[in-house]
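Undergrad: Before anything else, here's the structure in question.
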Amino acid sequence: MKNPNGHEIIQLFEQFSPKGLAMEGDKIGLQIGRLNKKIERIMIALDVLENVIDEAIEKKVQLIIAHHPIIYRPLKNLLTDTVQGKMIEKLVKHDIAVYAAHTNLDVAKGGVNDLLAAALGLEDAEVLVPTFDTKLKKLVVYVPASHAEEIRQVLGNAGAGFIGNYSHCSFSATGTGRFLPGEETSPFLGQAGRLEEVDEVRIETIVPEPLLKKTITAMIKAHPYEEVAYDVYALENKGEVLGLGRIGKVEEMTLAVFAEKVKTALEVDKVRVVGDLATKVKKVAVLGGDGNKYFMNAKFKGADVYVTGDIYYHTAHDAMMQGLNMIDPGHNVEKVMKKGLTAALEKMCQESGYEVEIFPSEVNTDPFQFL
Ligand SMILES: [Zn+2]
């Protein structure tokens with residue numbers, strides 16, 4: 001076990017929530033501080049408010065990973081007697097880095113929307129609003145037969161060869177590789193200046209585009225040759241669709257009963273409900289945060305009820321007229337990411353042999369109270 005630095009933590013985290021999944025213009029990534037330091041304690045937060053920063057200082061945290069960006073609009077100045085300026089000053093003074101994973105964490109597998117869907121017990125959950133089509137590349141590499149098994153493992157572990165529920169898929173064929181090592185080389189096989197023939201294996205597999213760079217790096221590292229011969233082909237195949245929100249099924253019940261279930265599952269005292277409480281619901285759409293503009297996606301996909309935050313008066317009217325029931329448990333239910341992300345990152349750190357303490361922020365950042 002070793003203490004990781006910030007770069008190592010973020011590299012790991014971005015395998016879970018790649019930046020490439022974020023919606024255009026979103027403000028994500030490292031926002032404050034630095035990563036070139038030892039990380040012993042990480043706090044996972046929904047929002048970075050002053051009381052959250054105080055909590056991080058008290059708990060001697062080096063890194064906050066937050067869902068909502070602390071800097072959303074570009075700063076024109078940094079005045080330390082303003083609310084935001086004071087917060088940033090505190091973070092910098094205490095050398096606490098803030099990293100934001102916003103819409104990329106909404107879209108990510110196991111991210112905010114999957115956590116919400118799981119909390120609501122949705123079965124056969126699918127993406128509600130597709131935003132990202134994982135394009136596939138074909139990766140072909142030539143390996144001496146002695147190293148073929150190892151390279152296949154490395155490729156699979158890096159995420160290559162996922163087809164449906166199968167991982168580590170590849171195809172191999174054997175053949176003869178030829179090369180003439182130049183005078184300045186120190187070849188793994190053969191001698192400089194002599195034409196060499198080797199039994200090689202051609203391994204081919206598919207890799208989602210976002211994982212391509214990482215896969216090639218891992219493959220080159222494990223490959224015995226000085227110069228690795230590999231090809232990357234563009235594919236026309238459709239990749240896995242990722243996106244915002246989820247839609248799935250629950251056991252049939254009335255809207256009233258389901259609303260009660262939402263309260264329990266998402267740990268809120270009250271919800272706002274649009275629709276006839278006696279209607280039966282079975283197909284449920286959920287979208288973390290403000291999902292106003294996607295209510296027609298829920299309707300088109302046949303949802304009986306759409307659970308999302310920040311519902312506007314006029315969206316509610318429109319949904320009513322479309323015959324779509326809605327439940328608004330508040331934007332703050334995204335707090336589900338605090339525990340979910342803690343567990344996911346803990347697991348990844350353990351697998352990488354990183355000794356680091358990860359915990360969810362305990363501060364309640366919901367600005368609303370219901371009387
Ligand atoms: Zn949000």
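Following the order of the structure tokens, first chain is A, next is B, and so on, with residues numbered from 1 inside each chain and ligands from 1 in the order they appear.
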Report as a PyMOL selection string all protein, DNA and RNA residues lying within 10 Å of Phe258 in chain A, evaluated on only C-alpha atoms, omitting residues in the same chain fewer than 2 positions from it.
TA: chain A and resi 120+250-256+260-264+277+280-282+284+305+327
Undergrad: Counting only C-alpha atoms and all ligand atoms, which residues in chain A sit no more than 10 Å from ligand 1? For each one, give the nearest pair of atoms and the distance in Å, sorted by chain then residue number, as a Markdown table.
TA:
```
| residue | atom | partner | partner_atom_place_in_ligand_line | distance |
| --- | --- | --- | --- | --- |
| A:Leu46 | CA | ligand 1 | 1 (Zn) | 8.0 |
| A:Asp47 | CA | ligand 1 | 1 (Zn) | 8.8 |
| A:His67 | CA | ligand 1 | 1 (Zn) | 7.1 |
| A:His68 | CA | ligand 1 | 1 (Zn) | 6.1 |
| A:Pro69 | CA | ligand 1 | 1 (Zn) | 9.4 |
| A:His102 | CA | ligand 1 | 1 (Zn) | 7.4 |
| A:Thr103 | CA | ligand 1 | 1 (Zn) | 8.3 |
| A:Asp106 | CA | ligand 1 | 1 (Zn) | 8.6 |
| A:Val112 | CA | ligand 1 | 1 (Zn) | 9.1 |
| A:Leu287 | CA | ligand 1 | 1 (Zn) | 9.8 |
| A:Gly288 | CA | ligand 1 | 1 (Zn) | 6.5 |
| A:Gly289 | CA | ligand 1 | 1 (Zn) | 4.0 |
| A:Asp290 | CA | ligand 1 | 1 (Zn) | 6.7 |
| A:Gly291 | CA | ligand 1 | 1 (Zn) | 9.5 |
| A:Gly309 | CA | ligand 1 | 1 (Zn) | 8.6 |
| A:Asp310 | CA | ligand 1 | 1 (Zn) | 9.7 |
| A:Gly330 | CA | ligand 1 | 1 (Zn) | 9.9 |
| A:His331 | CA | ligand 1 | 1 (Zn) | 6.1 |
| A:Asn332 | CA | ligand 1 | 1 (Zn) | 7.4 |
| A:Val333 | CA | ligand 1 | 1 (Zn) | 8.8 |
| A:Glu334 | CA | ligand 1 | 1 (Zn) | 6.4 |
| A:Lys335 | CA | ligand 1 | 1 (Zn) | 9.1 |
```
Undergrad: Determine which residues of range 24-113 of chain A receive a DSSP assignment of strand (DSSP E), computed from the backbone, and state them as JSON, numbers by chain.
TA: {"A": [29, 30, 31, 32, 41, 42, 43, 44, 45, 63, 64, 65, 66, 97, 98, 99, 100]}
Undergrad: So which residues touch Lys59 in chain A within 9 Å, counting only C-alpha atoms, skipping near sequence neighbours fewer than 5 positions away, as a PyMOL selection string?
TA: chain A and resi 41+43+54
Undergrad: Quick one: write out the picked residues with N, CA, C and O atoms as an mmCIF file, in the first residue's frame?
TA:
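Wrote out_5.cif, looks like this:
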```cif
data_model
loop_
_atom_site.group_PDB
_atom_site.id
_atom_site.type_symbol
_atom_site.label_atom_id
_atom_site.label_comp_id
_atom_site.auth_asym_id
_atom_site.auth_seq_id
_atom_site.Cartn_x
_atom_site.Cartn_y
_atom_site.Cartn_z
ATOM 1 N N ARG A 41 -6.397 12.128 2.662
ATOM 2 C CA ARG A 41 -7.836 12.168 2.933
ATOM 3 C C ARG A 41 -8.579 12.920 1.826
ATOM 4 O O ARG A 41 -8.200 14.017 1.440
ATOM 5 N N MET A 43 -12.502 14.110 0.550
ATOM 6 C CA MET A 43 -13.913 14.253 0.934
ATOM 7 C C MET A 43 -14.764 14.379 -0.334
ATOM 8 O O MET A 43 -14.422 15.114 -1.250
ATOM 9 N N ASP A 54 -15.158 24.395 5.686
ATOM 10 C CA ASP A 54 -14.775 24.308 7.104
ATOM 11 C C ASP A 54 -14.674 22.852 7.557
ATOM 12 O O ASP A 54 -13.769 22.481 8.302
#
```
Undergrad: Go through A:Leu211, A:Cys169, A:Ala148, A:Ala285 and flag the residue nearest Glu123 in chain A, using only C-alpha atoms for the distances.
TA: A:Ala285
Undergrad: Pick out the residues sitting within 10 Å of Asn297 in chain A, and hand them over as a PyMOL selection string; count only C-alpha atoms, and ignore anything fewer than 2 positions along from it in its own chain.
TA: chain A and resi 128-130+245+247+285+293-295+299-303+306
Undergrad: How would the residues just picked look written out with C-alpha atoms as a PDB file, in the first residue's frame?
TA:
```pdb
ATOM      1  CA  LEU A 128     -33.304   8.356 -20.768  1.00  0.00           C
ATOM      2  CA  VAL A 129     -31.496  11.058 -22.771  1.00  0.00           C
ATOM      3  CA  PRO A 130     -28.640   9.695 -24.914  1.00  0.00           C
ATOM      4  CA  GLY A 245     -31.351  10.127 -16.700  1.00  0.00           C
ATOM      5  CA  ILE A 247     -35.851   4.852 -17.247  1.00  0.00           C
ATOM      6  CA  ALA A 285     -37.980   7.942 -15.443  1.00  0.00           C
ATOM      7  CA  LYS A 293     -36.083  20.318 -20.443  1.00  0.00           C
ATOM      8  CA  TYR A 294     -36.163  16.540 -20.717  1.00  0.00           C
ATOM      9  CA  PHE A 295     -39.747  15.879 -19.638  1.00  0.00           C
ATOM     10  CA  LYS A 299     -43.117  11.069 -22.147  1.00  0.00           C
ATOM     11  CA  PHE A 300     -41.837   9.664 -25.468  1.00  0.00           C
ATOM     12  CA  LYS A 301     -40.187   6.743 -23.745  1.00  0.00           C
ATOM     13  CA  GLY A 302     -43.496   5.838 -22.128  1.00  0.00           C
ATOM     14  CA  ALA A 303     -42.776   6.853 -18.534  1.00  0.00           C
ATOM     15  CA  TYR A 306     -40.872  11.397 -14.158  1.00  0.00           C
TER      16      TYR A 306
END
```
Undergrad: Distance CA of Glu346 in chain A-CA of Thr217 in chain A, one decimal place?
TA: 24.4 Å
Undergrad: Going by DSSP on the backbone, which residues of range 69-226 of chain A come out as helix (DSSP H, G or I)? List them as a ChimeraX atom specification.
TA: /A:83-93,103-107,112-119,145-157,209-222
Undergrad: With distances taken over only C-alpha atoms, which residue among A:Leu105, A:Val363, A:Leu12, A:Leu136 lies nearest Leu49 in chain A?
TA: A:Val363
Undergrad: Which of these residues is nearest to Val207 in chain A, using only C-alpha atoms: A:Met219, A:Leu155, A:Val274, A:Leu242?
TA: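 Looking only at the distances to Val207 in chain A, the closest residue turns out to be A:Leu155.
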Undergrad: Can you list, as a PyMOL selection string, every protein, DNA or RNA residue that comes within 12 Å of Asn51 in chain A when you count only C-alpha atoms, leaving out same-chain residues fewer than 4 positions away?
TA: chain A and resi 45+47+55-58+83+86-87+90-91+361-365
Undergrad: Here is a test: counting only C-alpha atoms, which residue of A:Ala192, A:Ile28, A:Val140, A:Ala125 is nearest to Tyr99 in chain A?
TA: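 When distances to Tyr99 in chain A are compared using only C-alpha atoms, the smallest one comes from A:Ile28.
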Undergrad: Taking 6 positions as the minimum chain separation for residues in the same chain, which residues sit within 10 Å of Gln15 in chain A when counting only C-alpha atoms? Answer as a list in words.
TA: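 Contacts, with the query itself left out: Ala108, Ala158, Gly159, Pro210, Leu211, Lys214 and Met348 of chain A.
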Undergrad: Could you save the residues just selected, with N, CA and C atoms, as a PDB file, in the first residue's frame?
TA:
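Contents of again_24.pdb, freshly written:
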```pdb
ATOM      1  N   ALA A 108     -21.858   9.102 -16.350  1.00  0.00           N
ATOM      2  CA  ALA A 108     -20.992   7.933 -16.089  1.00  0.00           C
ATOM      3  C   ALA A 108     -21.784   6.725 -15.598  1.00  0.00           C
ATOM      4  N   ALA A 158      -7.502  -3.258 -19.362  1.00  0.00           N
ATOM      5  CA  ALA A 158      -7.608  -1.821 -19.661  1.00  0.00           C
ATOM      6  C   ALA A 158      -8.998  -1.459 -20.191  1.00  0.00           C
ATOM      7  N   GLY A 159      -9.823  -2.452 -20.455  1.00  0.00           N
ATOM      8  CA  GLY A 159     -11.191  -2.163 -20.887  1.00  0.00           C
ATOM      9  C   GLY A 159     -11.457  -2.518 -22.338  1.00  0.00           C
ATOM     10  N   PRO A 210     -12.950   6.389 -25.823  1.00  0.00           N
ATOM     11  CA  PRO A 210     -12.398   7.069 -24.641  1.00  0.00           C
ATOM     12  C   PRO A 210     -11.309   6.258 -23.921  1.00  0.00           C
ATOM     13  N   LEU A 211     -11.272   4.956 -24.155  1.00  0.00           N
ATOM     14  CA  LEU A 211     -10.284   4.122 -23.456  1.00  0.00           C
ATOM     15  C   LEU A 211      -9.079   3.794 -24.322  1.00  0.00           C
ATOM     16  N   LYS A 214      -5.387   4.973 -23.132  1.00  0.00           N
ATOM     17  CA  LYS A 214      -4.982   4.228 -21.935  1.00  0.00           C
ATOM     18  C   LYS A 214      -4.642   2.769 -22.300  1.00  0.00           C
ATOM     19  N   MET A 348     -11.719   1.359  -6.094  1.00  0.00           N
ATOM     20  CA  MET A 348     -10.668   1.542  -7.096  1.00  0.00           C
ATOM     21  C   MET A 348      -9.305   1.763  -6.430  1.00  0.00           C
TER      22      MET A 348
END
```
Undergrad: Can you work out which one of A:Val257, A:Val154, A:Val307, A:Ile88 has the shortest atom-to-atom distance to Thr215 in chain A, counting only C-alpha atoms?
TA: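 Ranking A:Val257, A:Val154, A:Val307, A:Ile88 by distance to Thr215 in chain A, first place goes to A:Val154.
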Undergrad: For Gln31 in chain A, find every residue with an atom within 10 Å (counting only C-alpha atoms), except residues of its own chain fewer than 4 positions away, and show them as a ChimeraX atom specification.
TA: /A:27,69-72,88,97-100
Undergrad: Could you check which of A:Ser146, A:Gln369, A:Gln350, A:Ser170 is closest to Pro4 in chain A, using only C-alpha atoms?
TA: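 Closest to Pro4 in chain A, using only C-alpha atoms: A:Gln350.
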